Amino acid sequence: MMRSILFVTATALATTLGVTALSGPTFAMATVGEQAPAKTTNSGVYTAEQAERGKKVFEAKCTACHDTARFTGEVFLDPWAGKPLKDVWDIASGTMPEDNPGSLQQQEYGDIIAYFLHLNAFPTGDTELKGDATAMAAIKIEKKP
């Protein structure tokens with residue numbers, strides 16, 4: 001009797017999950033081990049408003065040492081292409097500003113990176129780029145097509 005109850009319960013649960021009791025998962029090939037494609041800098045990963053905030057922070061905190069030309073075009077994109085945006089994040093948030101590394105708010109670093117994306121004419125989106133390493137790691141720097 002107990003086996004019958006367990007089998008019926010397991011079968012009901014398996015049916016709910018899209019699995020058959022006899023043949024195994026019906027979706028295993030489609031979902032196990034697969035991940036959604038990583039976002040890229042061409043996916044609209046920041047907003048225009050965020051880039052404007054980043055511009056203001058950059059002008060207030062960075063222009064004493066840096067010109068925007070350093071973060072624009074091939075000079076900026078060639079060394080970073082194919083790498084996660086987190087690589088830029090790590091340098092910015094870990095070493096800048098040079099006179100007080102790591103002194104900005106995490107979101108301010110995110111806003112500055114959004115400004116860099118804007119400088120390179122990457123498309124904007126509806127969601128702001130989060131100022132944290134995990135969010136940056138999920139985005140690949142990709143040159144525009």
# chains A, B, ... in the order shown; residues from 1 in each chain; ligands from 1
>>> residues_around(residues="Pro145 (chain A)", least_positions_apart="4", cutoff="12 Å", atoms="only C-alpha atoms", output="list of chain:residue names")
A:Thr40, A:Thr41, A:Asn42, A:Ser43, A:Ala121, A:Phe122, A:Pro123
>>> write_last_selection(atoms="C-alpha atoms", output="mmCIF file, in the first residue's frame")
data_model
loop_
_atom_site.group_PDB
_atom_site.id
_atom_site.type_symbol
_atom_site.label_atom_id
_atom_site.label_comp_id
_atom_site.auth_asym_id
_atom_site.auth_seq_id
_atom_site.Cartn_x
_atom_site.Cartn_y
_atom_site.Cartn_z
ATOM 1 C CA THR A 40 26.847 41.935 -24.272
ATOM 2 C CA THR A 41 27.531 45.616 -24.381
ATOM 3 C CA ASN A 42 25.301 45.630 -27.473
ATOM 4 C CA SER A 43 22.301 44.449 -25.421
ATOM 5 C CA ALA A 121 27.773 54.553 -28.737
ATOM 6 C CA PHE A 122 26.550 51.273 -27.287
ATOM 7 C CA PRO A 123 22.749 51.134 -27.223
#
>>> atom_distance(atom1="CA of Lys83 (chain A)", atom2="CA of Lys140 (chain A)")
5.6 Å
>>> closest_residue(among="A:His118, A:Lys39, A:Lys130, A:Lys61", to="Gly102 (chain A)", atoms="only C-alpha atoms")
A:Lys61
>>> closest_residue(among="A:Met136, A:Ala69, A:Ile141, A:Val57", to="Lys86 (chain A)", atoms="only C-alpha atoms")
A:Met136
>>> atom_distance(atom1="CA of Lys144 (chain A)", atom2="CA of Thr47 (chain A)")
17.3 Å
>>> select_by_dssp(residues="region 17-135 of chain A", states="alpha helix (DSSP H)", output="PyMOL selection string")
chain A and resi 17+28-31+48-61+74-80+85-95+106-119+133-135
>>> residues_around(residues="region 73-76 of chain A", least_positions_apart="3", cutoff="12 Å", atoms="only C-alpha atoms", output="PyMOL selection string")
chain A and resi 67-70+79-81+88+113+116-122+141-144
